[in-house]
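*Asks:* Sharing start.txt (compact mmCIF, C-alpha atoms) below.
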```txt
# COMPACT_ATOMS: atom_id res chain seq x y z
CA MET A 201 0.00 0.00 0.00
CA VAL A 202 2.78 2.42 0.95
CA ILE A 203 4.56 1.56 -2.30
CA LYS A 204 1.39 2.31 -4.28
CA VAL A 205 0.97 5.69 -2.59
CA PHE A 206 4.59 6.55 -3.38
CA LYS A 207 4.15 5.30 -6.95
CA ASN A 208 1.09 7.52 -7.45
CA PHE A 209 2.86 10.47 -5.84
CA PHE A 210 5.92 10.19 -8.10
CA ARG A 211 3.76 9.55 -11.19
CA ARG A 212 1.91 12.79 -10.51
CA ILE A 213 5.11 14.73 -9.86
CA PHE A 214 6.69 13.44 -13.09
CA SER A 215 3.62 14.08 -15.19
CA LYS A 216 3.47 17.65 -13.85
CA LEU A 217 7.21 18.20 -14.43
CA PHE A 218 7.31 16.91 -17.98
CA GLY A 219 3.86 18.07 -19.00
CA GLN A 220 2.94 14.75 -20.61
CA LYS A 221 -0.43 14.60 -18.99
CA GLY A 222 -2.88 12.77 -21.23
CA ASP A 223 -6.64 12.88 -21.01
CA ILE A 224 -7.97 12.75 -17.47
CA LYS A 225 -9.13 9.26 -16.57
CA LEU A 226 -12.57 9.67 -15.06
CA GLY A 227 -13.95 6.55 -13.41
CA PHE A 228 -17.53 5.76 -12.44
CA TYR A 229 -17.76 3.56 -9.39
CA GLY A 230 -20.51 2.45 -7.06
CA PRO A 231 -22.79 -0.41 -6.10
CA PRO A 232 -24.85 -2.24 -8.75
CA ASN A 233 -27.92 -0.48 -10.18
CA ALA A 234 -26.98 2.95 -8.83
CA GLY A 235 -26.93 4.44 -12.35
CA LYS A 236 -23.25 4.58 -13.27
CA THR A 237 -23.86 3.63 -16.89
CA SER A 238 -26.92 5.89 -17.12
CA LEU A 239 -24.78 8.84 -16.04
CA ALA A 240 -21.88 7.87 -18.32
CA ASN A 241 -24.36 7.50 -21.20
CA ARG A 242 -25.87 10.88 -20.46
CA ILE A 243 -22.45 12.60 -20.52
CA CYS A 244 -21.34 10.77 -23.67
CA LYS A 245 -24.58 11.57 -25.47
CA ASP A 246 -24.33 15.24 -24.44
CA PHE A 247 -20.79 15.62 -25.78
CA THR A 248 -20.21 12.90 -28.38
CA GLY A 249 -23.72 12.06 -29.48
CA GLU A 250 -23.33 8.37 -28.63
CA GLY A 251 -24.01 6.33 -25.51
CA MET A 252 -21.54 4.14 -23.65
CA GLY A 253 -23.26 0.97 -22.51
CA SER A 254 -26.57 -0.81 -22.08
CA ILE A 255 -28.73 -0.30 -19.01
CA SER A 256 -31.20 -2.66 -17.37
CA LYS A 257 -33.31 -3.14 -14.27
CA VAL A 258 -31.50 -6.43 -13.71
CA PRO A 259 -28.47 -5.81 -11.46
CA HIS A 260 -24.96 -6.28 -12.87
CA GLU A 261 -25.86 -5.26 -16.42
CA THR A 262 -22.35 -3.82 -16.78
CA ARG A 263 -20.02 -6.76 -16.24
CA THR A 264 -16.91 -5.55 -18.02
CA VAL A 265 -15.01 -2.29 -17.67
CA GLN A 266 -16.08 0.02 -20.52
CA PHE A 267 -14.08 2.91 -21.99
CA ARG A 268 -14.77 5.95 -24.05
CA GLU A 269 -11.73 7.90 -25.19
CA LYS A 270 -11.59 11.61 -25.97
CA VAL A 271 -14.80 12.83 -24.40
CA GLU A 272 -14.47 16.58 -24.47
CA ILE A 273 -16.72 18.17 -21.87
CA GLU A 274 -17.46 21.82 -22.34
CA HIS A 275 -18.74 23.92 -19.50
CA LYS A 276 -18.98 27.71 -19.27
CA GLY A 277 -16.55 28.16 -22.17
CA LYS A 278 -13.91 25.80 -20.76
CA LYS A 279 -13.08 22.39 -22.21
CA ILE A 280 -11.51 19.31 -20.66
CA THR A 281 -10.93 16.01 -22.43
CA PHE A 282 -11.60 12.89 -20.42
CA LYS A 283 -11.11 9.20 -20.88
CA MET A 284 -14.30 7.87 -19.33
CA ILE A 285 -14.24 4.52 -17.59
CA ASP A 286 -17.51 2.91 -16.59
CA THR A 287 -17.03 0.02 -14.18
CA PRO A 288 -19.19 -2.91 -13.06
CA GLY A 289 -21.02 -2.40 -9.77
CA ILE A 290 -19.06 -3.50 -6.73
CA ALA A 291 -20.79 -5.99 -4.45
CA THR A 292 -19.80 -8.36 -1.68
CA LYS A 293 -22.25 -11.06 -2.75
CA ILE A 294 -23.62 -12.33 -6.04
CA ASP A 295 -26.33 -14.95 -6.07
CA TYR A 296 -27.56 -16.23 -9.42
CA GLU A 297 -30.96 -16.92 -7.82
CA GLU A 298 -31.46 -13.16 -7.49
CA PHE A 299 -31.44 -12.93 -11.29
CA LEU A 300 -34.15 -15.58 -11.57
CA LYS A 301 -36.55 -13.02 -10.06
CA TYR A 302 -36.09 -11.03 -13.26
CA LYS A 303 -37.22 -14.04 -15.29
CA LEU A 304 -33.78 -15.00 -16.50
CA LYS A 305 -33.26 -18.67 -17.34
CA LYS A 306 -31.18 -20.58 -14.80
CA LYS A 307 -28.33 -21.07 -17.27
CA ASP A 308 -28.27 -17.36 -18.16
CA ALA A 309 -28.51 -16.36 -14.51
CA LYS A 310 -25.51 -18.52 -13.64
CA LYS A 311 -23.54 -17.09 -16.56
CA ARG A 312 -24.46 -13.56 -15.51
CA ALA A 313 -23.36 -14.27 -11.92
CA LYS A 314 -20.04 -15.69 -13.09
CA GLU A 315 -19.37 -12.67 -15.31
CA ALA A 316 -20.47 -10.31 -12.54
CA THR A 317 -17.96 -11.75 -10.05
CA GLN A 318 -15.15 -11.22 -12.57
CA GLY A 319 -16.51 -7.72 -13.22
CA VAL A 320 -16.19 -6.81 -9.54
CA ILE A 321 -12.57 -8.04 -9.50
CA ASP A 322 -11.76 -6.01 -12.64
CA ALA A 323 -13.43 -2.87 -11.26
CA ILE A 324 -11.30 -3.09 -8.11
CA LYS A 325 -8.12 -3.70 -10.13
CA TRP A 326 -8.82 -0.54 -12.14
CA LEU A 327 -9.14 1.66 -9.03
CA GLU A 328 -5.49 2.62 -8.87
CA ASP A 329 -5.41 3.74 -12.51
CA MET A 330 -8.02 6.46 -12.10
CA ASP A 331 -7.19 10.17 -12.03
CA MET A 332 -10.53 11.10 -10.50
CA VAL A 333 -13.66 9.17 -9.62
CA VAL A 334 -17.36 9.82 -9.51
CA VAL A 335 -18.93 7.54 -6.92
CA VAL A 336 -22.52 7.03 -8.02
CA LEU A 337 -24.93 6.09 -5.24
CA ASP A 338 -28.63 5.36 -5.43
CA ALA A 339 -30.21 8.21 -3.45
CA THR A 340 -33.17 5.98 -2.53
CA GLN A 341 -30.92 3.47 -0.73
CA ASN A 342 -29.13 3.49 2.61
CA PRO A 343 -25.77 5.22 1.96
CA TYR A 344 -24.09 3.45 4.88
CA ASN A 345 -23.69 0.31 2.78
CA GLN A 346 -20.17 -0.98 3.48
CA VAL A 347 -19.37 -1.19 -0.25
CA ASN A 348 -19.77 2.59 -0.56
CA ILE A 349 -17.53 3.16 2.45
CA THR A 350 -14.93 0.71 1.13
CA ILE A 351 -14.80 2.34 -2.32
CA ILE A 352 -14.47 5.85 -0.90
CA GLY A 353 -11.93 4.70 1.72
CA ASN A 354 -9.78 3.19 -1.02
CA LEU A 355 -9.92 6.28 -3.19
CA VAL A 356 -8.90 8.46 -0.25
CA ALA A 357 -6.04 6.10 0.62
CA ARG A 358 -4.85 6.34 -3.00
CA GLU A 359 -5.25 10.13 -2.98
CA ILE A 360 -7.67 10.04 -5.91
CA PRO A 361 -10.10 13.00 -5.99
CA VAL A 362 -13.71 11.91 -5.36
CA LEU A 363 -17.09 13.37 -6.19
CA ILE A 364 -20.14 11.68 -4.68
CA VAL A 365 -23.26 11.69 -6.78
CA GLY A 366 -26.66 10.74 -5.41
CA ASN A 367 -28.59 9.53 -8.43
CA LYS A 368 -32.35 9.04 -8.89
CA VAL A 369 -33.36 12.27 -7.15
CA ASP A 370 -36.43 12.26 -9.39
CA LEU A 371 -37.83 9.49 -7.19
CA LYS A 372 -39.86 10.41 -4.13
CA ARG A 373 -37.97 8.01 -1.88
CA SER A 374 -34.65 9.69 -2.65
CA ASP A 375 -32.87 11.49 0.16
CA ILE A 376 -29.73 13.37 -0.83
CA LYS A 377 -29.34 14.83 2.67
CA ARG A 378 -28.84 11.31 4.00
CA ILE A 379 -25.88 10.88 1.63
CA GLU A 380 -24.47 14.28 2.59
CA ALA A 381 -24.72 13.33 6.26
CA ALA A 382 -23.01 9.99 5.64
CA PHE A 383 -20.06 11.54 3.78
CA PRO A 384 -19.73 15.09 5.12
CA GLU A 385 -16.09 15.50 4.02
CA TYR A 386 -16.84 15.11 0.31
CA ASP A 387 -18.58 17.14 -2.36
CA THR A 388 -21.98 15.59 -2.91
CA ILE A 389 -24.59 16.44 -5.50
CA GLY A 390 -27.98 15.01 -6.31
CA ILE A 391 -28.82 14.29 -9.94
CA SER A 392 -31.18 12.33 -12.10
CA ALA A 393 -29.17 10.72 -14.89
CA LYS A 394 -32.40 9.45 -16.44
CA PHE A 395 -33.98 12.89 -16.78
CA GLY A 396 -30.80 14.98 -16.91
CA LYS A 397 -31.65 16.86 -13.73
CA ASN A 398 -28.91 18.95 -12.08
CA LEU A 399 -26.29 18.07 -14.68
CA GLU A 400 -24.99 21.64 -14.93
CA GLU A 401 -24.10 21.47 -11.24
CA PHE A 402 -22.52 18.07 -11.88
CA TYR A 403 -20.29 19.44 -14.68
CA GLU A 404 -19.35 22.37 -12.47
CA SER A 405 -18.23 19.91 -9.78
CA ILE A 406 -16.32 17.79 -12.31
CA PHE A 407 -14.37 20.84 -13.50
CA LYS A 408 -13.68 21.85 -9.92
CA LEU A 409 -12.49 18.34 -9.07
CA SER A 410 -10.26 18.12 -12.14
CA LYS A 411 -8.10 20.88 -10.67
CA LYS A 412 -7.07 18.46 -7.93
CA VAL A 413 -5.71 15.93 -10.45
CA MET B 228 -52.24 -28.01 24.73
CA ALA B 229 -49.06 -27.01 26.53
CA LYS B 230 -47.22 -29.79 24.71
CA LYS B 231 -48.30 -28.42 21.33
CA LYS B 232 -46.98 -24.97 22.23
CA SER B 233 -43.53 -26.32 23.13
CA VAL B 234 -43.36 -28.26 19.84
CA LYS B 235 -44.10 -25.05 17.93
CA LYS B 236 -41.33 -23.21 19.77
CA LYS B 237 -38.82 -25.94 18.92
CA LYS B 238 -39.74 -25.73 15.23
CA SER B 239 -39.20 -22.00 15.02
CA LEU B 240 -35.86 -22.25 16.81
CA GLY B 241 -34.81 -25.05 14.48
CA LYS B 242 -34.73 -22.66 11.53
CA ILE B 243 -31.73 -20.71 12.74
CA LYS B 244 -29.31 -23.56 13.34
CA GLY B 245 -26.27 -24.28 11.22
CA PHE B 246 -24.02 -21.37 12.02
CA SER B 247 -22.10 -19.97 14.94
CA ILE B 248 -20.79 -16.60 15.94
CA GLN B 249 -17.07 -16.25 16.44
CA PHE B 250 -15.42 -13.34 18.15
CA LEU B 251 -11.87 -12.62 17.10
CA PRO B 252 -9.85 -10.25 19.29
CA HIS B 253 -7.53 -7.86 17.49
CA THR B 254 -4.48 -9.66 18.91
CA GLU B 255 -5.40 -12.74 16.84
CA VAL B 256 -4.91 -10.89 13.54
CA SER B 257 -2.61 -7.99 14.42
CA GLY B 258 0.55 -10.04 13.88
CA LEU B 259 -0.58 -11.35 10.50
CA GLY B 260 0.17 -9.87 7.10
CA SER B 261 -2.72 -8.76 4.88
CA ASN B 262 -2.83 -12.05 2.95
CA GLU B 263 -2.92 -14.22 6.06
CA ARG B 264 -5.45 -11.94 7.72
CA ILE B 265 -7.86 -12.21 4.79
CA LYS B 266 -7.24 -15.94 4.47
CA LYS B 267 -8.08 -16.38 8.15
CA ILE B 268 -11.25 -14.29 7.88
CA LEU B 269 -12.50 -16.10 4.78
CA GLY B 270 -11.68 -19.45 6.39
CA ILE B 271 -13.95 -18.59 9.31
CA VAL B 272 -16.75 -17.28 7.09
CA LEU B 273 -16.59 -20.29 4.76
CA GLY B 274 -17.18 -22.46 7.80
CA ASN B 275 -20.65 -20.84 8.01
CA ASN B 276 -19.66 -18.62 10.90
CA ILE B 277 -20.50 -15.01 11.53
CA LEU B 278 -17.28 -13.30 12.49
CA ILE B 279 -17.12 -10.40 14.90
CA LEU B 280 -13.68 -8.88 14.60
CA GLN B 281 -12.30 -6.37 17.03
CA GLY B 282 -10.95 -3.45 14.99
CA LYS B 283 -11.18 -3.00 11.25
CA LEU B 284 -9.32 -3.90 8.11
CA LEU B 285 -7.25 -1.41 6.16
CA ALA B 286 -8.89 0.10 3.07
CA HIS B 287 -6.89 -2.04 0.64
CA GLU B 288 -7.56 -5.15 2.75
CA GLU B 289 -11.30 -4.57 2.45
CA THR B 290 -11.10 -4.47 -1.35
CA ARG B 291 -8.82 -7.50 -1.31
CA LEU B 292 -11.40 -9.30 0.81
CA ILE B 293 -14.08 -8.46 -1.78
CA GLU B 294 -11.82 -9.62 -4.64
CA ASP B 295 -11.03 -12.92 -2.93
CA THR B 296 -14.70 -13.39 -2.06
CA MET B 297 -15.68 -12.95 -5.72
CA ALA B 298 -13.01 -15.41 -6.81
CA MET B 299 -14.32 -17.95 -4.29
CA ILE B 300 -17.96 -17.67 -5.41
CA ASP B 301 -16.93 -19.39 -8.63
CA HIS B 302 -14.92 -22.08 -6.91
CA VAL B 303 -16.70 -22.95 -3.66
CA LYS B 304 -20.01 -24.74 -3.93
CA ASN B 305 -22.99 -22.94 -2.36
CA PHE B 306 -20.89 -19.91 -1.48
CA ARG B 307 -22.69 -16.74 -2.56
CA GLY B 308 -20.42 -14.13 -1.02
CA ILE B 309 -20.35 -12.21 2.22
CA GLU B 310 -22.16 -9.51 4.10
CA LEU B 311 -19.83 -7.00 5.68
CA ALA B 312 -20.27 -4.06 8.02
CA VAL B 313 -17.89 -1.95 10.05
CA ILE B 314 -18.84 0.33 12.87
CA SER B 315 -16.28 2.77 14.28
CA GLY B 316 -16.24 4.61 17.55
CA ASP B 317 -17.55 8.18 17.33
CA ARG B 318 -14.58 10.50 17.67
CA SER B 319 -16.41 13.74 17.03
CA ASN B 320 -16.86 14.53 20.72
CA THR B 321 -13.51 13.37 22.02
CA GLY B 322 -11.75 16.72 21.73
CA PHE B 323 -8.25 17.46 20.51
CA PHE B 324 -6.31 15.66 23.27
CA GLY B 325 -8.76 12.77 23.23
CA LYS B 326 -8.11 12.27 19.52
CA ILE B 327 -4.34 12.40 20.05
CA ARG B 328 -4.63 9.86 22.87
CA MET B 329 -6.72 7.58 20.65
CA ASN B 330 -4.32 7.90 17.73
CA ILE B 331 -1.39 7.00 19.97
CA ALA B 332 -3.29 4.01 21.37
CA ASN B 333 -4.18 2.87 17.84
CA ALA B 334 -0.59 3.31 16.66
CA ILE B 335 0.70 1.18 19.56
CA SER B 336 -1.93 -1.53 19.11
CA GLY B 337 -1.65 -1.46 15.32
CA GLY B 338 -5.34 -0.89 14.58
CA ASP B 339 -8.54 0.92 15.42
CA LEU B 340 -9.62 -0.99 18.50
CA GLY B 341 -12.75 1.13 18.90
CA ALA B 342 -14.12 -0.34 15.68
CA ILE B 343 -15.98 -3.59 15.17
CA THR B 344 -16.16 -5.50 11.90
CA ILE B 345 -18.90 -8.03 11.28
CA ILE B 346 -18.56 -10.46 8.39
CA GLY B 347 -20.98 -13.25 7.62
CA PRO B 348 -21.65 -15.63 4.75
CA ALA B 349 -24.45 -14.39 2.47
CA THR B 350 -26.17 -17.77 2.74
CA VAL B 351 -26.65 -17.14 6.48
CA VAL B 352 -26.83 -13.34 6.68
CA LYS B 353 -29.47 -11.93 4.39
CA GLU B 354 -28.67 -8.30 5.06
CA MET B 355 -26.70 -6.06 7.37
CA LYS B 356 -28.53 -2.83 7.96
CA ARG B 357 -26.11 -0.22 9.12
CA ASN B 358 -26.32 3.32 10.34
CA PRO B 359 -23.60 5.27 12.16
CA LYS B 360 -24.64 3.96 15.56
CA LYS B 361 -25.74 0.37 15.05
CA ILE B 362 -25.61 -2.67 12.82
CA GLU B 363 -28.66 -4.85 12.38
CA LEU B 364 -28.26 -8.41 11.13
CA LEU B 365 -31.11 -9.98 9.20
CA LEU B 366 -30.64 -13.72 8.90
CA ASN B 367 -31.85 -16.01 6.14
CA LYS B 368 -34.52 -18.46 7.16
```
Translate this structure into structure tokens?
*Replies:*
Amino acid sequence: MVIKVFKNFFRRIFSKLFGQKGDIKLGFYGPPNAGKTSLANRICKDFTGEGMGSISKVPHETRTVQFREKVEIEHKGKKITFKMIDTPGIATKIDYEEFLKYKLKKKDAKKRAKEATQGVIDAIKWLEDMDMVVVVLDATQNPYNQVNITIIGNLVAREIPVLIVGNKVDLKRSDIKRIEAAFPEYDTIGISAKFGKNLEEFYESIFKLSKKV
Amino acid sequence: MAKKKSVKKKKSLGKIKGFSIQFLPHTEVSGLGSNERIKKILGIVLGNNILILQGKLLAHEETRLIEDTMAMIDHVKNFRGIELAVISGDRSNTGFFGKIRMNIANAISGGDLGAITIIGPATVVKEMKRNPKKIELLLNK
């Protein structure tokens, strides 16, 4: 761990010294079904005209790490080019029987579970390569889920700038204040990726956060 | 009539057998490296035990635990993963010197002894509901 922190520190120093900074690697992390891909799709559609990945009500729809290079986000006359990285939802348990509730065949459910477990491993492996991360949480769910705390704890330990996004604020059950109370040390904003609500504030926060990279 | 009642009680108690709760003091894992620590924890959980660990894992150990858990789901029959929750002592009201004292104590002991980590197999623990002050365990029937 100490070696990794030093490695990141020196990498940043060198990239600043020699000015060879490429596009900022922006990762989307969070638990399954929080809306990571919906948000990544929304951003990509806004600035490139194309989406990034498929979305579904069935958890673990994103089971491989997805990339989109050269996404130039423009906000208030400023432009930043990002490499966007959408990751599979991180979970501590995956039960194929859960997928059967969504009318998947047993064989497909087992395949999905197997791919989902590998997806979680890949998402974790990618953590250390991120320049900045948007942690997408479902604002209708309890934010004190240990997965959320583990992801944020790891990003902090790796000195990676974090923005917490409470998604699904269009739903009545959503409670962004609960997320703010759970993570008072971090910038938190409520959005609806589905309806594009509060995205201007989101882009503002992304630009602000990119200064810490 | 009384006999019938006692039979009913036995039946309802019978549903929650098949696991035990193990308490692991910090001293049991403090001398271990990250790999051994995680191996020990997963060994206990795979034995259908709910583990109550004094202290908490480091951030990278928690992700390593999740990674190893995912790898095991594919290789261990009937293993569906884990439920995990950590509750830390509230330091907001301890004051400046209190915090220093705690940090020194943690540095000497090699961990946050005010924290408690609960880890259980997902086949036994359906859900861990957590808020800053308590953890609630909902068990599978």
*Asks:* Tell me, counting only C-alpha atoms, for each residue of segment 239-276 of chain A within 10 Å of segment 380-404 of chain A, which pair of atoms is nearest and how far apart they are in Å to one decimal, in rows ordered by chain and increasing number, as CSV.
*Replies:*
```
residue,atom,partner,partner_atom,distance
A:Leu239,CA,A:Ala393,CA,4.9
A:Ala240,CA,A:Ala393,CA,8.5
A:Asn241,CA,A:Ala393,CA,8.6
A:Arg242,CA,A:Ala393,CA,6.5
A:Ile243,CA,A:Leu399,CA,8.9
A:Asp246,CA,A:Gly396,CA,9.9
A:Ile273,CA,A:Tyr403,CA,8.1
A:Glu274,CA,A:Tyr403,CA,8.5
A:His275,CA,A:Tyr403,CA,6.8
A:Lys276,CA,A:Glu404,CA,8.7
```
*Asks:* Neighbours of Thr281 of chain A within 8 Å (all atoms listed in the file; same-chain residues fewer than 5 positions away dropped), as number ranges by chain?
*Replies:* A: 223-224, 270-273
*Asks:* Compare B:Asn262, B:Asn305, B:Thr254, B:Gln281 by their minimum atom-to-atom distance to Ala349 of chain B, counting only C-alpha atoms, and give me the closest one.
*Replies:*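 Among B:Asn262, B:Asn305, B:Thr254, B:Gln281, it is B:Asn305 that comes nearest to Ala349 of chain B.
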*Asks:* Given only C-alpha atoms as the basis, pick out the residue of A:Gly222, A:Lys306, A:Val265, A:Ser238 nearest to Ile324 of chain A.
*Replies:*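 So, comparing all the options, the nearest one is A:Val265.
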*Asks:* Give the answer as one residue: which of B:Leu280, B:Leu311, B:Val256, B:Val272 has the shortest atom-to-atom distance to chain A, using all atoms listed in the file?
*Replies:*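 Counting all atoms listed in the file, the residue closest to chain A is B:Leu311.
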*Asks:* Supply segment 328-343 of chain A as a tab-separated table (two decimals), in the frame of the given file, with N, CA and C atoms built in where the input has gaps.
*Replies:*
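Contents of the output file rebuild02.tsv:
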```
chain	number	residue	atom	x	y	z
A	328	GLU	N	-6.74	1.85	-9.01
A	328	GLU	CA	-5.49	2.62	-8.87
A	328	GLU	C	-5.09	3.37	-10.13
A	329	ASP	N	-5.76	3.07	-11.26
A	329	ASP	CA	-5.41	3.74	-12.51
A	329	ASP	C	-6.22	5.01	-12.76
A	330	MET	N	-7.14	5.31	-11.89
A	330	MET	CA	-8.02	6.46	-12.10
A	330	MET	C	-7.34	7.77	-11.69
A	331	ASP	N	-7.65	8.83	-12.42
A	331	ASP	CA	-7.19	10.17	-12.03
A	331	ASP	C	-8.21	10.83	-11.10
A	332	MET	N	-9.46	10.61	-11.39
A	332	MET	CA	-10.53	11.10	-10.50
A	332	MET	C	-11.75	10.18	-10.67
A	333	VAL	N	-12.55	10.14	-9.62
A	333	VAL	CA	-13.66	9.17	-9.62
A	333	VAL	C	-14.97	9.82	-9.19
A	334	VAL	N	-16.01	9.46	-9.92
A	334	VAL	CA	-17.36	9.82	-9.51
A	334	VAL	C	-17.96	8.57	-8.87
A	335	VAL	N	-18.29	8.66	-7.59
A	335	VAL	CA	-18.93	7.54	-6.92
A	335	VAL	C	-20.44	7.76	-7.04
A	336	VAL	N	-21.08	6.87	-7.77
A	336	VAL	CA	-22.52	7.03	-8.02
A	336	VAL	C	-23.29	6.16	-7.02
A	337	LEU	N	-24.12	6.82	-6.21
A	337	LEU	CA	-24.93	6.09	-5.24
A	337	LEU	C	-26.41	6.26	-5.60
A	338	ASP	N	-27.18	5.28	-5.23
A	338	ASP	CA	-28.63	5.36	-5.43
A	338	ASP	C	-29.21	6.14	-4.25
A	339	ALA	N	-29.74	7.32	-4.53
A	339	ALA	CA	-30.21	8.21	-3.45
A	339	ALA	C	-31.44	7.66	-2.72
A	340	THR	N	-32.02	6.56	-3.23
A	340	THR	CA	-33.17	5.98	-2.53
A	340	THR	C	-32.72	4.90	-1.54
A	341	GLN	N	-31.44	4.55	-1.59
A	341	GLN	CA	-30.92	3.47	-0.73
A	341	GLN	C	-30.11	4.02	0.45
A	342	ASN	N	-29.92	3.13	1.44
A	342	ASN	CA	-29.13	3.49	2.61
A	342	ASN	C	-27.66	3.74	2.19
A	343	PRO	N	-27.14	4.96	2.41
A	343	PRO	CA	-25.77	5.22	1.96
A	343	PRO	C	-24.70	4.55	2.81
```
